[in-house]
Structures are given as structure tokens and as C-alpha cells.
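Structure data follow from final.cif (mmCIF, C-alpha atoms and all ligand atoms):
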data_coords
loop_
_atom_site.label_atom_id
_atom_site.label_comp_id
_atom_site.auth_asym_id
_atom_site.auth_seq_id
_atom_site.Cartn_x
_atom_site.Cartn_y
_atom_site.Cartn_z
CA MET C 1419 45.38 12.07 -1.40
CA PRO C 1420 46.49 9.75 -4.27
CA ASP C 1421 50.22 9.90 -5.17
CA SER C 1422 49.45 10.35 -8.86
CA ALA C 1423 49.59 13.74 -10.59
CA ASP C 1424 46.57 16.07 -10.72
CA THR C 1425 44.69 14.90 -13.81
CA ASN C 1426 41.52 16.94 -13.26
CA GLU C 1427 41.90 19.18 -16.29
CA ALA C 1428 42.94 16.33 -18.60
CA ILE C 1429 39.92 14.29 -17.50
CA TRP C 1430 37.31 17.02 -17.84
CA LYS C 1431 38.71 18.07 -21.21
CA SER C 1432 38.79 14.53 -22.62
CA ASP C 1433 36.14 13.31 -25.04
CA ALA C 1434 36.21 9.80 -23.50
CA ALA C 1435 35.53 11.06 -19.94
CA ILE C 1436 32.74 13.33 -21.12
CA SER C 1437 31.02 10.58 -23.10
CA HIS C 1438 31.24 8.34 -20.04
CA TRP C 1439 29.76 11.15 -17.90
CA VAL C 1440 26.94 11.81 -20.34
CA SER C 1441 26.09 8.12 -20.82
CA THR C 1442 25.75 7.56 -17.06
CA ALA C 1443 24.01 10.86 -16.22
CA GLU C 1444 20.39 9.81 -16.45
CA ASP C 1445 20.70 7.15 -13.75
CA ARG C 1446 22.69 9.46 -11.43
CA GLU C 1447 20.26 12.33 -11.87
CA ARG C 1448 17.28 10.10 -11.10
CA ARG C 1449 18.88 9.24 -7.74
CA ARG C 1450 19.81 12.87 -7.02
CA ALA C 1451 16.48 14.47 -7.90
CA ASP C 1452 15.60 15.42 -4.30
CA GLU C 1453 18.94 17.11 -3.64
CA ARG C 1454 18.78 19.01 -6.91
CA ARG C 1455 15.32 20.27 -6.04
CA LEU C 1456 16.35 21.24 -2.52
CA MET C 1457 19.10 23.50 -3.92
CA ALA C 1458 16.33 25.42 -5.73
CA GLU C 1459 13.98 25.39 -2.72
CA LEU C 1460 16.72 26.88 -0.54
CA LEU C 1461 17.00 29.99 -2.69
CA PRO C 1462 15.09 32.92 -1.16
CA PHE C 1463 13.28 34.19 -4.27
CA ASP C 1464 9.56 34.44 -5.00
CA LYS C 1465 8.45 31.99 -7.65
CA ASP C 1466 8.11 34.62 -10.40
CA GLN C 1467 10.96 36.89 -9.31
CA GLN C 1468 13.57 37.84 -11.88
CA PHE C 1469 17.11 37.14 -10.72
CA THR C 1470 20.49 36.04 -11.97
CA PHE C 1471 22.47 33.18 -10.50
CA VAL C 1472 25.84 31.67 -11.32
CA ASP C 1473 26.48 27.92 -11.42
CA LEU C 1474 30.22 27.30 -10.92
CA GLY C 1475 31.60 24.12 -12.48
CA ALA C 1476 28.18 23.79 -14.06
CA GLY C 1477 29.07 20.98 -16.45
CA THR C 1478 26.06 20.09 -18.56
CA GLY C 1479 23.80 22.19 -16.32
CA ALA C 1480 22.17 19.51 -14.16
CA ALA C 1481 21.91 21.84 -11.14
CA ALA C 1482 21.12 25.03 -13.06
CA ARG C 1483 18.34 23.31 -15.01
CA VAL C 1484 16.39 22.56 -11.85
CA VAL C 1485 16.65 26.19 -10.67
CA LEU C 1486 15.59 27.46 -14.11
CA ASP C 1487 12.61 25.10 -14.04
CA TYR C 1488 11.63 26.05 -10.49
CA PHE C 1489 11.90 29.83 -11.00
CA PRO C 1490 10.57 30.89 -14.43
CA GLY C 1491 12.10 34.38 -13.97
CA ALA C 1492 15.62 33.11 -13.28
CA ARG C 1493 18.58 33.61 -15.60
CA ALA C 1494 21.67 31.43 -15.28
CA ILE C 1495 25.32 32.03 -15.98
CA LEU C 1496 26.96 28.62 -16.19
CA ALA C 1497 30.73 28.62 -15.72
CA ASP C 1498 33.02 25.72 -16.58
CA TYR C 1499 36.35 25.07 -18.25
CA SER C 1500 35.42 21.96 -20.21
CA LEU C 1501 34.36 22.89 -23.72
CA GLN C 1502 32.96 19.39 -24.16
CA MET C 1503 30.74 19.65 -21.05
CA MET C 1504 29.57 23.11 -22.15
CA GLU C 1505 28.78 21.89 -25.67
CA GLN C 1506 26.70 19.02 -24.29
CA GLY C 1507 25.06 21.44 -21.82
CA ARG C 1508 24.01 23.79 -24.62
CA ARG C 1509 22.21 20.87 -26.25
CA GLU C 1510 20.53 19.84 -23.00
CA LEU C 1511 19.50 23.39 -22.03
CA SER C 1512 18.23 24.49 -25.43
CA ALA C 1513 14.62 24.52 -24.17
CA PHE C 1514 15.56 27.45 -21.89
CA GLY C 1515 16.28 29.69 -24.89
CA ASP C 1516 18.07 32.89 -23.88
CA ARG C 1517 17.66 32.31 -20.13
CA TYR C 1518 21.18 30.95 -19.80
CA THR C 1519 24.71 31.62 -20.99
CA TYR C 1520 27.89 29.61 -20.64
CA VAL C 1521 31.21 31.24 -19.78
CA GLU C 1522 34.65 29.68 -19.79
CA PHE C 1523 36.17 29.88 -16.32
CA ASP C 1524 39.04 27.92 -14.75
CA LEU C 1525 38.00 27.84 -11.11
CA ALA C 1526 41.42 26.60 -10.03
CA ARG C 1527 43.12 29.74 -11.31
CA GLY C 1528 40.72 32.58 -11.92
CA PRO C 1529 40.34 35.42 -12.63
CA TRP C 1530 36.55 35.61 -12.81
CA PRO C 1531 35.50 36.25 -16.41
CA ALA C 1532 34.05 39.66 -17.26
CA GLU C 1533 30.78 38.00 -18.38
CA ILE C 1534 29.98 37.34 -14.70
CA PRO C 1535 28.61 40.61 -13.28
CA SER C 1536 30.37 42.02 -10.23
CA GLU C 1537 27.23 41.35 -8.15
CA VAL C 1538 24.78 38.48 -8.70
CA ASP C 1539 21.75 37.35 -6.71
CA ALA C 1540 22.92 33.82 -5.93
CA VAL C 1541 25.71 31.35 -6.62
CA ILE C 1542 25.47 27.57 -6.66
CA SER C 1543 27.97 24.81 -7.34
CA SER C 1544 27.66 21.08 -7.39
CA LEU C 1545 30.11 18.21 -7.51
CA CYS C 1546 32.97 20.52 -8.45
CA VAL C 1547 34.49 22.28 -5.41
CA HIS C 1548 35.95 18.93 -4.30
CA HIS C 1549 38.22 19.13 -7.37
CA LEU C 1550 40.04 22.17 -5.95
CA PRO C 1551 42.99 22.18 -3.52
CA ASP C 1552 42.05 23.46 -0.06
CA LYS C 1553 43.77 26.83 -0.44
CA ARG C 1554 41.82 27.47 -3.62
CA LYS C 1555 38.55 26.34 -2.01
CA GLY C 1556 39.00 29.12 0.56
CA GLN C 1557 39.96 31.73 -2.04
CA LEU C 1558 37.00 30.76 -4.20
CA PHE C 1559 34.57 31.09 -1.29
CA ALA C 1560 35.89 34.62 -0.67
CA GLU C 1561 35.52 35.47 -4.37
CA ILE C 1562 31.96 34.10 -4.36
CA LEU C 1563 31.12 36.32 -1.39
CA GLU C 1564 32.55 39.35 -3.22
CA HIS C 1565 30.35 38.56 -6.24
CA LEU C 1566 27.12 38.27 -4.25
CA LEU C 1567 24.74 41.11 -3.55
CA PRO C 1568 24.24 41.67 0.21
CA GLY C 1569 21.85 38.93 1.37
CA GLY C 1570 22.77 36.72 -1.61
CA TRP C 1571 23.14 33.00 -0.95
CA TYR C 1572 25.72 30.44 -1.99
CA PHE C 1573 24.95 26.71 -1.87
CA ASN C 1574 27.30 23.87 -2.67
CA TYR C 1575 26.32 20.23 -3.19
CA ASP C 1576 29.39 18.01 -2.91
CA PRO C 1577 30.84 14.79 -1.57
CA VAL C 1578 32.94 14.88 1.60
CA THR C 1579 35.34 12.49 3.34
CA THR C 1580 35.62 11.43 6.95
CA GLU C 1581 38.70 10.70 9.04
CA ASP C 1582 36.68 8.27 11.17
CA ALA C 1583 36.99 4.69 9.87
CA VAL C 1584 33.80 3.65 11.67
CA VAL C 1585 31.82 6.38 9.90
CA GLU C 1586 33.41 5.53 6.56
CA ALA C 1587 32.46 1.85 6.97
CA ALA C 1588 28.86 2.83 7.72
CA TRP C 1589 28.73 5.06 4.62
CA LEU C 1590 30.08 2.21 2.48
CA ARG C 1591 27.73 -0.35 4.00
CA ALA C 1592 24.64 1.71 3.28
CA GLY C 1593 25.91 2.77 -0.15
CA ASP C 1594 26.57 -0.84 -1.13
CA ARG C 1595 23.09 -1.90 -0.02
CA ARG C 1596 21.56 0.83 -2.15
CA ASP C 1597 23.63 -0.09 -5.18
CA PRO C 1598 24.25 -3.85 -5.22
CA GLU C 1599 26.86 -3.37 -8.00
CA ALA C 1600 28.90 -0.77 -6.10
CA ALA C 1601 31.30 -3.15 -4.33
CA ALA C 1602 32.12 -5.06 -7.53
CA LYS C 1603 32.61 -1.78 -9.42
CA ARG C 1604 34.95 -0.51 -6.68
CA GLU C 1605 37.03 -3.68 -6.67
CA ASN C 1606 37.27 -4.12 -10.45
CA ARG C 1607 37.97 -0.67 -11.83
CA THR C 1608 39.35 -0.36 -15.35
CA PRO C 1609 42.44 1.90 -15.65
CA GLY C 1610 40.14 4.72 -16.88
CA GLU C 1611 37.77 4.26 -13.95
CA GLN C 1612 40.69 4.15 -11.50
CA SER C 1613 42.07 7.39 -12.93
CA ARG C 1614 38.66 9.10 -12.66
CA HIS C 1615 38.29 7.78 -9.11
CA GLU C 1616 41.70 9.14 -8.08
CA ASN C 1617 40.76 12.48 -9.60
CA HIS C 1618 37.42 12.36 -7.75
CA VAL C 1619 38.96 11.90 -4.30
CA ARG C 1620 42.26 13.81 -4.70
CA TYR C 1621 41.23 17.05 -2.96
CA MET C 1622 38.08 15.79 -1.23
CA ILE C 1623 38.09 16.72 2.45
CA PRO C 1624 35.80 16.40 5.49
CA LEU C 1625 32.83 18.68 5.97
CA ALA C 1626 33.92 20.68 9.04
CA PRO C 1627 36.93 22.45 7.45
CA GLN C 1628 34.75 23.48 4.51
CA LEU C 1629 32.25 25.12 6.85
CA ASP C 1630 35.19 26.86 8.53
CA LEU C 1631 36.37 28.15 5.14
CA LEU C 1632 32.91 29.57 4.42
CA GLU C 1633 32.84 31.34 7.78
CA GLU C 1634 36.39 32.63 7.35
CA ALA C 1635 35.33 34.01 3.95
CA GLY C 1636 32.66 36.06 5.75
CA PHE C 1637 29.44 34.12 5.10
CA GLU C 1638 26.63 34.15 7.67
CA GLY C 1639 23.93 31.52 8.12
CA VAL C 1640 26.52 28.84 7.43
CA ASP C 1641 24.94 25.42 7.86
CA VAL C 1642 24.66 21.93 6.45
CA TYR C 1643 21.25 22.19 4.83
CA TRP C 1644 21.16 18.54 3.75
CA LYS C 1645 23.32 15.51 4.33
CA GLN C 1646 23.11 11.89 3.36
CA LEU C 1647 26.08 9.60 3.98
CA ASP C 1648 29.04 11.28 2.20
CA HIS C 1649 27.06 13.90 0.26
CA VAL C 1650 26.10 17.30 1.63
CA ILE C 1651 24.56 20.62 0.72
CA TYR C 1652 26.14 23.43 2.70
CA GLY C 1653 25.95 27.15 2.22
CA GLY C 1654 25.62 30.60 3.65
CA ARG C 1655 24.76 34.13 2.64
CA ARG C 1656 26.56 37.42 2.27
CA PRO C 1657 25.72 39.64 5.26
C1 LIG I 1 31.36 16.14 -11.64
S1 LIG I 1 31.06 17.37 -12.84
C2 LIG I 1 29.66 18.21 -12.15
C3 LIG I 1 28.93 19.03 -13.15
C4 LIG I 1 27.66 19.70 -12.63
N1 LIG I 1 27.95 20.73 -11.67
C5 LIG I 1 26.72 18.69 -12.04
O1 LIG I 1 26.37 18.81 -10.86
O2 LIG I 1 26.31 17.76 -12.75
C6 LIG I 1 32.39 18.48 -12.48
C7 LIG I 1 32.42 19.68 -13.38
O3 LIG I 1 33.37 20.60 -12.85
C8 LIG I 1 34.13 21.11 -13.91
N2 LIG I 1 35.43 21.52 -13.36
C9 LIG I 1 36.32 20.76 -12.69
N3 LIG I 1 37.39 21.50 -12.38
C10 LIG I 1 37.18 22.74 -12.86
C11 LIG I 1 37.92 23.94 -12.89
N4 LIG I 1 39.16 24.01 -12.34
N5 LIG I 1 37.41 25.02 -13.48
C12 LIG I 1 36.17 24.97 -14.06
N6 LIG I 1 35.41 23.86 -14.09
C13 LIG I 1 35.91 22.75 -13.50
C14 LIG I 1 34.24 19.98 -14.90
O4 LIG I 1 34.60 20.44 -16.18
C15 LIG I 1 32.86 19.38 -14.81
O5 LIG I 1 31.99 19.99 -15.72
#

Would you encode the structure as C-alpha cells?
Amino acid sequence: MPDSADTNEAIWKSDAAISHWVSTAEDRERRRADERRLMAELLPFDKDQQFTFVDLGAGTGAAARVVLDYFPGARAILADYSLQMMEQGRRELSAFGDRYTYVEFDLARGPWPAEIPSEVDAVISSLCVHHLPDKRKGQLFAEILEHLLPGGWYFNYDPVTTEDAVVEAAWLRAGDRRDPEAAAKRENRTPGEQSRHENHVRYMIPLAPQLDLLEEAGFEGVDVYWKQLDHVIYGGRRP
């Protein structure tokens, strides 16, 4: 964990960080299209079924959008604490009309806002849980379980770390071959990029303890449903 202070909130509530995020989103989303789609494919609903799902740390709605596209009867509640990300998301999701709402929710602190019903059909999160300290990850998983209807699924798409230097070197090697600019970017970060990187990795942990936290929270069917290098989709359902 970096020595520097936790800057997560300052970063996600800063105009500069959000414009950087938005300006680089198209390229990232092109590379993540398969994972985004798999999150939708993993949900157990019929194509035309009506259901409500929550996207925690939804940002501009990149994950929710794919589920809304895949299931025309779905309604999304997108939760985030960055007003800037939510404002951008409202612009990007406008084609979905009244099929989505945003709610302000600080996942690090709670409580869950009243706009999220006490029981929903599914919960997803992507690229956000790694911003929470471990204790809060576990609490949040338990709160997600409480908010799911019996049989309701939770899936999380997130980066993970490894404690094995050999594995880490293999991840880096393959990542650098896929993105020929990655090594130079890593070695020549601007102060802003370094700060965002430290925020990115501060509470990131290996995969196994996260699966343990899901099981301890009471989920069944806990598995890694997709994995590529340091990115995973894991999840489980409420018994
Ligand atoms: C890397 S972005 C991912 C956004 C979106 N889920 C996606 O996959 O594109 C992380 C998001 O998590 C949100 N976030 C980080 N910490 C949070 C917290 N404590 N409470 C609520 N949202 C948080 C940020 O505001 C940001 O929108």
C-alpha cells in the first residue's frame, strides 16, 4: 500500500480527474467490451424480463449500459459519490430515458440510500471495490447480500494483485506486449498520473481473500467467472 494519504474521494470529485477519465474512456471500453458483455450474460434473467439491478460505483454507467442494452426490460439504479461522474453519466445514458436513476452513495461509509429498495434482483460493480479498505469490502459484500432477493446475483469486475513476483512479471510482460506504450507510461508518470496510480493500487488485494469475503458474507455459487491477467469477474448469489 502506498505511504501517501487516501486521496480516493479527492480524485473522484475533481474535475481534472474526471475529464481525464472521460477523455480516455472510449479506448478502454473498446478493449473491455467482452468483459462488459459477460457481466450481462451472467445474469439469470430472460431477455425480456423486467427486473431492477444496482450498479455500485457506477461512474458514467459503462457497466450498467451494457446490461440495459442486453435486457430491454431492465431498470438500473446507479450509485456513486462523484457528482461529476454522475453528471457525465446522465449525458451518456440519456438514450435509456426513464430506465435508470442515479443515487448519491458513499460506499466507503454507507448507509445505503433510501432510493435503493430493500430487495433488488441483482447487483453489479466494476472497477470500484478495489478503492475500499478490506474491512469495508467485507461489510459491503454483506450489505449487498442483504439487499438481494433470494437467488439474486452479485458480480464484480475488478483488478487484483498477486503476492507472487513471478506471476506479477508474467502479467506485466503480457500487458506490455498488448500495449506497447504501457512501459513508457509506467516509467514516466506525471505527478497527476502518479497520484491516480497510487489511488488505484492503495487497497487492491489478491483474488483469494475477496472470494473468502464473499463466502463469509453468505454468498453461494462463489466463483471466478472470468479472469485475464490481473482483471477478474467474480460473484455469487444469495441463497
Ligand atoms: C474507475 S471508476 C469505474 C466506474 C464504472 N463502474 C466503470 O466500470 O466504468 C470508479 C468509480 O467508483 C466511484 N467511487 C470510488 N469510491 C467510491 C465511494 N467510496 N463511494 C461511491 N463511489 C465511489 C468513483 O466515483 C468512480 O465513479

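Residues of protein, DNA or RNA having any atom at most 6 Å from ligand LIG 1 (chain I), counting only C-alpha atoms and all ligand atoms, are Trp1430, Gly1475, Ala1476, Gly1477, Gly1479, Ala1480, Ala1481, Asp1498, Tyr1499, Ser1500, Met1503, Phe1523, Asp1524, Leu1525, Ala1526, Ser1543, Ser1544, Leu1545, Cys1546 and His1549 of chain C.
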
>> What's the separation between atom CA of C:Gly1556 and atom CA of C:Glu1633, in Å to one decimal place?
In response: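 The value is 9.7 Å.
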
>> For a cutoff of 12 Å around the file-coordinate point (20.7, 20.1, -3.1), which residues qualify once you count only C-alpha atoms? I'd like the result as a ChimeraX atom specification.
In response: /C:1447,1449-1461,1480-1482,1484-1485,1542-1545,1572-1577,1642-1646,1649-1653

> Of the candidates C:Asp1597, C:Arg1483, C:Ala1540, C:Glu1427, which shows the shortest atom-to-atom distance to C:Arg1446, using only C-alpha atoms?
Replying inline: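 Among C:Asp1597, C:Arg1483, C:Ala1540, C:Glu1427, it is C:Asp1597 that comes nearest to C:Arg1446.
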
> Just how far from atom CA of C:Thr1478 is atom CA of C:Leu1511, in Å to one decimal?
Replying inline: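 That distance, rounded to one decimal, is 8.1 Å.
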
>> Quick check, in Å to one decimal: how far apart do atom CA of C:Asn1606 and atom CA of C:Ala1587 lie?
In response: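 These atoms are spaced 19.0 Å apart.
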
>> With distances taken over only C-alpha atoms, which residue among C:Thr1608, C:Gln1557, C:Ser1512, C:Ser1613 lies nearest C:Gln1628?
In response: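 Among the listed residues, C:Gln1557 lies closest to C:Gln1628.
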
Skipping near chain neighbours, those fewer than 2 positions away, what residues fall within 10 Å of C:Glu1616 using only C-alpha atoms, listed as a CSV table (one decimal) with C-alpha atoms, in the coordinates of the input?
chain,number,residue,atom,x,y,z
C,1419,MET,CA,45.4,12.1,-1.4
C,1420,PRO,CA,46.5,9.8,-4.3
C,1421,ASP,CA,50.2,9.9,-5.2
C,1422,SER,CA,49.4,10.4,-8.9
C,1423,ALA,CA,49.6,13.7,-10.6
C,1424,ASP,CA,46.6,16.1,-10.7
C,1425,THR,CA,44.7,14.9,-13.8
C,1426,ASN,CA,41.5,16.9,-13.3
C,1610,GLY,CA,40.1,4.7,-16.9
C,1611,GLU,CA,37.8,4.3,-14.0
C,1612,GLN,CA,40.7,4.2,-11.5
C,1613,SER,CA,42.1,7.4,-12.9
C,1614,ARG,CA,38.7,9.1,-12.7
C,1618,HIS,CA,37.4,12.4,-7.8
C,1619,VAL,CA,39.0,11.9,-4.3
C,1620,ARG,CA,42.3,13.8,-4.7
C,1621,TYR,CA,41.2,17.0,-3.0

Write out as a short mmCIF file (atom, residue, chain, number, x, y, z; two decimals) with C-alpha atoms, keeping the file's coordinate frame which residues come within 10 Å of C:Leu1632 when counting only C-alpha atoms, dropping same-chain ones fewer than 5 positions away.
data_model
loop_
_atom_site.label_atom_id
_atom_site.label_comp_id
_atom_site.auth_asym_id
_atom_site.auth_seq_id
_atom_site.Cartn_x
_atom_site.Cartn_y
_atom_site.Cartn_z
CA LYS C 1555 38.55 26.34 -2.01
CA GLY C 1556 39.00 29.12 0.56
CA GLN C 1557 39.96 31.73 -2.04
CA LEU C 1558 37.00 30.76 -4.20
CA PHE C 1559 34.57 31.09 -1.29
CA ALA C 1560 35.89 34.62 -0.67
CA ILE C 1562 31.96 34.10 -4.36
CA LEU C 1563 31.12 36.32 -1.39
CA TYR C 1572 25.72 30.44 -1.99
CA PRO C 1627 36.93 22.45 7.45
CA PHE C 1637 29.44 34.12 5.10
CA GLU C 1638 26.63 34.15 7.67
CA GLY C 1639 23.93 31.52 8.12
CA VAL C 1640 26.52 28.84 7.43
CA ASP C 1641 24.94 25.42 7.86
CA TYR C 1652 26.14 23.43 2.70
CA GLY C 1653 25.95 27.15 2.22
CA GLY C 1654 25.62 30.60 3.65
CA ARG C 1655 24.76 34.13 2.64
#

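If you count all atoms listed in the file and ignore residues fewer than 2 places along the chain from C:Thr1579, what sits within 8 Å of it is Pro1577, Glu1581, Glu1586, Met1622, Ile1623, Pro1624, Leu1625 and Asp1648 of chain C.
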
>> Using only C-alpha atoms, can you tell me which of C:Lys1603, C:Arg1493, C:His1615, C:Arg1508 comes closest to C:Asp1466?
In response: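 Checking each of C:Lys1603, C:Arg1493, C:His1615, C:Arg1508 against C:Asp1466, counting only C-alpha atoms, the winner is C:Arg1493.
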